[in-house]
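Novice: Input protein.cif, format and content: mmCIF, C-alpha atoms.
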data_run
loop_
_atom_site.label_atom_id
_atom_site.label_comp_id
_atom_site.auth_asym_id
_atom_site.auth_seq_id
_atom_site.Cartn_x
_atom_site.Cartn_y
_atom_site.Cartn_z
CA MET A 1 10.69 -9.47 19.39
CA ARG A 2 8.99 -10.65 16.20
CA VAL A 3 10.25 -10.41 12.62
CA ILE A 4 7.72 -10.63 9.79
CA GLU A 5 7.59 -10.26 6.03
CA PRO A 6 6.00 -7.15 4.48
CA SER A 7 2.52 -7.65 3.03
CA TYR A 8 -0.63 -5.97 1.76
CA GLU A 9 -4.38 -6.57 1.94
CA ILE A 10 -7.01 -5.15 -0.42
CA PHE A 11 -9.91 -3.84 1.66
CA THR A 12 -12.23 -2.76 -1.15
CA GLU A 13 -14.55 -5.40 -2.54
CA ILE A 14 -13.92 -5.94 -6.25
CA SER A 15 -16.50 -7.54 -8.52
CA GLU A 16 -15.73 -10.50 -10.77
CA GLY A 17 -13.48 -9.21 -13.52
CA GLY A 18 -13.96 -5.67 -12.24
CA ILE A 19 -17.06 -5.32 -14.43
CA LYS A 20 -19.19 -3.38 -11.95
CA GLU A 21 -16.36 -0.92 -11.35
CA LEU A 22 -15.92 -0.35 -15.09
CA GLN A 23 -19.68 0.06 -15.53
CA HIS A 24 -19.73 2.68 -12.80
CA ILE A 25 -17.06 4.70 -14.59
CA GLU A 26 -18.82 4.25 -17.93
CA LYS A 27 -22.14 5.47 -16.54
CA ILE A 28 -20.51 8.66 -15.31
CA GLY A 29 -18.12 9.16 -18.22
CA ARG A 30 -20.74 8.90 -20.92
CA ILE A 31 -22.42 11.99 -19.52
CA CYS A 32 -19.56 13.94 -21.11
CA TYR A 33 -20.47 12.62 -24.55
CA LYS A 34 -24.21 12.08 -23.96
CA SER A 35 -23.73 8.56 -25.25
CA GLU A 36 -25.64 6.69 -22.52
CA ASP A 37 -27.60 4.88 -25.23
CA LYS A 38 -24.46 2.87 -26.08
CA ILE A 39 -24.28 1.20 -22.65
CA THR A 40 -24.68 -2.59 -22.75
CA GLU A 41 -25.63 -4.75 -19.76
CA ASP A 42 -22.91 -7.35 -20.37
CA GLY A 43 -20.16 -4.86 -19.56
CA GLU A 44 -18.50 -5.04 -22.97
CA SER A 45 -19.29 -1.39 -23.68
CA ALA A 46 -17.77 -0.46 -20.31
CA LYS A 47 -14.51 -2.25 -21.15
CA LYS A 48 -14.18 -0.45 -24.49
CA PHE A 49 -15.23 2.91 -23.08
CA VAL A 50 -12.86 2.93 -20.10
CA LYS A 51 -9.99 1.68 -22.25
CA MET A 52 -10.68 4.57 -24.64
CA LEU A 53 -10.66 7.06 -21.76
CA ILE A 54 -7.27 5.88 -20.54
CA GLU A 55 -5.75 5.76 -24.03
CA ARG A 56 -6.90 9.35 -24.66
CA GLY A 57 -5.62 10.53 -21.30
CA HIS A 58 -9.12 11.41 -20.11
CA GLU A 59 -8.36 9.91 -16.69
CA ALA A 60 -10.44 12.39 -14.72
CA MET A 61 -13.34 9.97 -15.21
CA ILE A 62 -11.60 7.12 -13.36
CA GLU A 63 -11.28 9.37 -10.32
CA HIS A 64 -14.92 8.49 -9.63
CA SER A 65 -13.86 5.06 -8.30
CA SER A 66 -11.46 4.36 -5.44
CA LEU A 67 -9.56 1.55 -3.78
CA SER A 68 -8.44 0.96 -0.16
CA VAL A 69 -5.34 -1.14 0.54
CA LYS A 70 -3.65 -1.91 3.87
CA PHE A 71 0.14 -2.20 3.74
CA THR A 72 2.17 -3.86 6.50
CA VAL A 73 5.63 -2.41 6.02
CA ASP A 74 8.43 -0.79 7.97
CA ARG A 75 8.30 2.85 9.04
CA GLY A 76 10.80 3.86 6.37
CA VAL A 77 8.55 2.63 3.56
CA SER A 78 5.51 4.24 5.18
CA HIS A 79 7.27 7.62 5.02
CA GLU A 80 7.35 7.27 1.23
CA LEU A 81 3.75 6.09 1.00
CA VAL A 82 2.35 9.20 2.66
CA ARG A 83 3.99 11.42 0.06
CA HIS A 84 1.11 10.57 -2.28
CA ARG A 85 -0.94 13.61 -1.41
CA ILE A 86 -4.10 12.80 -3.36
CA ALA A 87 -4.97 9.98 -0.98
CA SER A 88 -6.31 9.36 2.52
CA PHE A 89 -4.28 7.53 5.14
CA ALA A 90 -4.89 5.67 8.39
CA GLN A 91 -1.69 4.55 10.12
CA GLU A 92 -0.86 2.60 13.25
CA SER A 93 0.14 5.22 15.80
CA THR A 94 3.26 4.76 17.92
CA ARG A 95 1.98 7.63 20.07
CA TYR A 96 -0.96 5.61 21.31
CA CYS A 97 -0.03 1.95 20.75
CA ASN A 98 1.71 0.63 23.87
CA TYR A 99 3.79 -2.31 22.69
CA SER A 100 4.54 -3.43 26.24
CA LYS A 101 0.94 -4.65 26.54
CA ASP A 102 -0.38 -8.19 25.98
CA LYS A 103 -2.26 -7.22 22.80
CA PHE A 104 1.12 -6.62 21.17
CA ASP A 105 2.73 -9.74 22.74
CA ASN A 106 4.69 -7.42 25.05
CA GLY A 107 7.18 -6.50 22.38
CA ILE A 108 8.02 -4.87 19.07
CA THR A 109 7.40 -6.38 15.64
CA PHE A 110 9.96 -5.62 12.95
CA ILE A 111 9.87 -6.02 9.18
CA LYS A 112 12.46 -8.44 7.82
CA PRO A 113 15.15 -6.44 6.00
CA PHE A 114 15.38 -6.95 2.25
CA PHE A 115 19.10 -6.32 2.12
CA PHE A 116 20.38 -8.73 4.77
CA LYS A 117 20.09 -12.52 4.49
CA GLU A 118 19.46 -14.61 7.59
CA GLY A 119 22.59 -16.24 8.93
CA THR A 120 24.92 -13.51 7.68
CA THR A 121 26.97 -11.14 9.80
CA GLU A 122 24.89 -8.24 8.50
CA TYR A 123 21.61 -9.86 9.53
CA GLU A 124 22.93 -10.74 12.98
CA GLU A 125 24.06 -7.12 13.46
CA TRP A 126 20.61 -5.89 12.39
CA GLU A 127 18.92 -8.40 14.70
CA ASP A 128 21.05 -7.27 17.65
CA ALA A 129 20.18 -3.64 16.93
CA MET A 130 16.46 -4.44 16.83
CA ASP A 131 16.67 -6.41 20.05
CA ASN A 132 18.46 -3.51 21.76
CA ALA A 133 15.82 -1.08 20.51
CA GLU A 134 13.05 -3.29 21.87
CA GLN A 135 14.75 -3.65 25.24
CA SER A 136 15.26 0.12 25.47
CA TYR A 137 11.62 0.78 24.58
CA LEU A 138 10.33 -1.69 27.18
CA PHE A 139 12.72 -0.36 29.84
CA LEU A 140 11.59 3.22 29.25
CA ILE A 141 7.93 2.24 29.68
CA ASN A 142 8.11 -0.45 32.35
CA ASP A 143 10.96 0.88 34.49
CA CYS A 144 11.05 4.61 33.81
CA GLY A 145 7.34 5.29 33.47
CA ALA A 146 7.65 6.76 29.99
CA THR A 147 4.56 7.05 27.78
CA PRO A 148 4.43 5.36 24.37
CA GLN A 149 4.90 8.71 22.61
CA GLU A 150 8.05 9.27 24.65
CA ALA A 151 9.45 5.76 24.34
CA ARG A 152 8.91 5.55 20.60
CA SER A 153 11.92 7.80 20.07
CA VAL A 154 14.18 4.73 20.29
CA LEU A 155 12.28 2.76 17.62
CA PRO A 156 14.09 2.32 14.27
CA ASN A 157 12.85 2.45 10.67
CA SER A 158 12.47 -1.35 10.66
CA THR A 159 9.58 -1.13 13.13
CA LYS A 160 6.43 -2.66 11.66
CA THR A 161 3.56 -0.35 10.86
CA GLU A 162 0.16 -0.87 9.27
CA ILE A 163 -1.05 1.87 6.96
CA THR A 164 -4.22 1.91 4.90
CA ILE A 165 -4.37 4.03 1.76
CA THR A 166 -7.55 5.05 -0.01
CA ALA A 167 -7.16 6.74 -3.38
CA ASN A 168 -8.98 7.03 -6.67
CA TYR A 169 -7.90 4.90 -9.62
CA ARG A 170 -6.09 7.76 -11.31
CA GLU A 171 -3.86 8.27 -8.27
CA TRP A 172 -3.29 4.51 -7.96
CA ARG A 173 -2.09 4.48 -11.57
CA ASN A 174 0.37 7.27 -10.75
CA PHE A 175 1.34 5.42 -7.56
CA PHE A 176 2.22 2.22 -9.41
CA LYS A 177 4.18 3.99 -12.14
CA LEU A 178 6.41 5.46 -9.43
CA ARG A 179 6.51 2.70 -6.83
CA THR A 180 7.03 -0.36 -9.05
CA ALA A 181 9.79 1.25 -11.10
CA LYS A 182 13.34 -0.06 -10.95
CA ALA A 183 14.39 3.08 -9.11
CA ALA A 184 11.84 2.52 -6.32
CA HIS A 185 13.15 1.31 -2.96
CA PRO A 186 13.44 -2.51 -2.99
CA GLN A 187 11.31 -2.85 0.15
CA MET A 188 8.63 -0.73 -1.53
CA GLN A 189 8.72 -3.01 -4.56
CA GLU A 190 8.23 -6.02 -2.29
CA VAL A 191 4.59 -4.98 -1.80
CA THR A 192 3.77 -2.80 -4.81
CA ARG A 193 4.76 -5.24 -7.54
CA PRO A 194 2.64 -8.18 -6.33
CA LEU A 195 -0.23 -5.79 -5.64
CA LEU A 196 -0.12 -4.42 -9.19
CA LYS A 197 0.01 -7.97 -10.60
CA GLU A 198 -3.12 -8.86 -8.63
CA LEU A 199 -4.96 -5.71 -9.69
CA LYS A 200 -4.10 -6.32 -13.34
CA THR A 201 -6.07 -9.55 -12.98
CA ARG A 202 -8.91 -8.25 -10.82
CA LEU A 203 -9.31 -4.80 -12.37
CA PRO A 204 -8.32 -5.21 -16.02
CA ILE A 205 -8.39 -2.17 -18.30
CA ILE A 206 -7.63 0.14 -15.35
CA PHE A 207 -4.10 -1.18 -14.74
CA ASP A 208 -3.32 -3.33 -17.79
CA ASP A 209 -1.08 -0.82 -19.52
CA ILE A 210 1.28 -0.21 -16.59
CA GLU A 211 4.44 -2.18 -17.26
CA MET A 212 6.99 -3.28 -14.68
CA GLU A 213 10.65 -3.32 -15.68
CA GLU A 214 12.44 -6.53 -14.79
#
Written as structure tokens, how would this file's structure read?
Specialist:
Amino acid sequence: MRVIEPSYEIFTEISEGGIKELQHIEKIGRICYKSEDKITEDGESAKKFVKMLIERGHEAMIEHSSLSVKFTVDRGVSHELVRHRIASFAQESTRYCNYSKDKFDNGITFIKPFFFKEGTTEYEEWEDAMDNAEQSYLFLINDCGATPQEARSVLPNSTKTEITITANYREWRNFFKLRTAKAAHPQMQEVTRPLLKELKTRLPIIFDDIEMEE
């Protein structure tokens, strides 16, 4: 049994300062206004143009660029992630992944719970429950001949899963407004808040205006 922290990894390559991404949007967006003659090679026109689009709510233009991010979270959080319908998903499958095999270190990996601190009675109770779930899963496969899709029925929400999301910038903006809010699940915020902070630095203009309540 392994316990790990939740995390994320940006799969899409992002140019320095996000200039190429902004220029791509500008090139497409200026078709609407037939103002291609205002494009500058240094990217300054792209910054101003994309900022103007967002401020005016003309966000259809930023749908022409997308971002792929892999989240390593528990199954409970992943159930919320897939509710974002204007996105594509690729998720680790408990139907086909056999965690009794060497490639998975012959056991289950769980995401460390946000609510319970190590050394407390609550954490020890959670740890015991996870250990029991792992033992039941391994027994079903190794001793009862169950398949992974049958044995997975004993796995809890804390089971680690990897899920990659690809969505356009407009959907990511909607995603962050919902999933970094105070009302969002704390374990969701564990990955969405640091991700948004990074994207504010790497893709300015696109995400700058999205504020996170403290």
Novice: One decimal, in Å: what's the spacing between CA of Thr161 in chain A and CA of Asp131 in chain A?
Specialist: 17.1 Å
Novice: How many Å lie between CA of Lys101 in chain A and CA of Ile141 in chain A, rounded to one decimal?
Specialist: 10.3 Å
Novice: From the list A:Leu138, A:Ile31, A:Ala133, A:Ile54, which residue is nearest Thr159 in chain A when using only C-alpha atoms?
Specialist: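 Under the stated criterion, the closest residue is A:Ala133.
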Novice: Contacts of Thr12 in chain A at 12 Å or less, counting all atoms listed in the file, minus same-chain residues fewer than 5 places along, as a PyMOL selection string?
Specialist: chain A and resi 18+21+65-70+164-168+199+202-203
Novice: Point out the residue among A:Thr192, A:Ser88, A:Asn174, A:Thr40 with the least atom-to-atom distance to Thr72 in chain A, counting all atoms listed in the file.
Specialist: A:Thr192
Novice: Take the PyMOL selection byres ((chain A and resi 96) around 10), apply it to the structure above, and return the hits as a list in words.
Specialist: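 Evaluating the PyMOL selection byres ((chain A and resi 96) around 10) on this file yields Glu92, Ser93, Thr94, Arg95, Cys97, Asn98, Tyr99, Thr147, Pro148, Gln149 and Arg152 of chain A.
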Novice: Enumerate, as a PDB file with C-alpha atoms, in the coordinates of the input, the residues matched when the PyMOL selection byres ((chain A and resi 17) around 9) is run on the file above.
Specialist:
ATOM      1  CA  ILE A  14     -13.920  -5.940  -6.250  1.00  0.00           C
ATOM      2  CA  SER A  15     -16.500  -7.540  -8.520  1.00  0.00           C
ATOM      3  CA  GLU A  16     -15.730 -10.500 -10.770  1.00  0.00           C
ATOM      4  CA  GLY A  18     -13.960  -5.670 -12.240  1.00  0.00           C
ATOM      5  CA  ILE A  19     -17.060  -5.320 -14.430  1.00  0.00           C
ATOM      6  CA  LYS A  20     -19.190  -3.380 -11.950  1.00  0.00           C
ATOM      7  CA  THR A 201      -6.070  -9.550 -12.980  1.00  0.00           C
ATOM      8  CA  ARG A 202      -8.910  -8.250 -10.820  1.00  0.00           C
ATOM      9  CA  LEU A 203      -9.310  -4.800 -12.370  1.00  0.00           C
ATOM     10  CA  PRO A 204      -8.320  -5.210 -16.020  1.00  0.00           C
TER      11      PRO A 204
END
Novice: Could you check the closest approach to Glu63 in chain A for each of A:Met188, A:Leu195, A:Ala146, A:Ile25 and tell me which residue wins, using all atoms listed in the file?
Specialist: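 Among the listed residues, the smallest separation from Glu63 in chain A belongs to A:Ile25.
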Novice: In terms of the shortest atom-to-atom distance over all atoms listed in the file, which of A:Ser158, A:Gln23, A:Thr109, A:Thr121 is closest to Arg2 in chain A?
Specialist: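 Among A:Ser158, A:Gln23, A:Thr109, A:Thr121, it is A:Thr109 that comes nearest to Arg2 in chain A.
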Novice: Give me, please, the distance in Å between CA of Arg75 in chain A and CA of Gln187 in chain A, quoted to one decimal.
Specialist: 11.0 Å
Novice: Compare A:Ala183, A:Leu53, A:Val3, A:Ile86 by their minimum atom-to-atom distance to Val73 in chain A, counting all atoms listed in the file, and give me the closest one.
Specialist: A:Val3
Novice: With all atoms listed in the file as the basis for distance, which of A:Glu171, A:Glu26, A:Asp74, A:Glu59 is at the shortest distance from Lys47 in chain A?
Specialist: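 Selected residue with least distance to Lys47 in chain A: A:Glu26.
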Novice: Translate the PyMOL selection byres ((chain A and resi 79) around 12) into a concrete residue list for this structure, as number ranges by chain.
Specialist: A: 73-78, 80-84, 89, 91, 157-158, 161-163, 185, 188
Novice: Around the point (13.2, -6.0, -1.9), in the coordinates given by the file, pick out the residues reaching within 10 Å, counting all atoms listed in the file, and return them as a ChimeraX atom specification.
Specialist: /A:6,113-115,184-191
Novice: Specify the axis-aligned box that encloses all atoms of range 127-146 of chain A listed in the file after padding of 6 Å on each side, stating its centre and edge lengths in Å to one decimal as lines of an AutoDock Vina configuration file.
Specialist:
center_x = 14.2
center_y = -0.8
center_z = 24.6
size_x = 25.7
size_y = 27.2
size_z = 31.8
Novice: Give me the residues near Ser100 in chain A as a list in words, where near means some atom within 10 Å (using only C-alpha atoms) and where sequence neighbours in that chain fewer than 6 positions away do not count.
Specialist: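 The residues satisfying every condition are Asn106, Gly107, Ile108, Glu134, Tyr137, Leu138, Phe139, Ile141, Asn142 and Pro148 of chain A.
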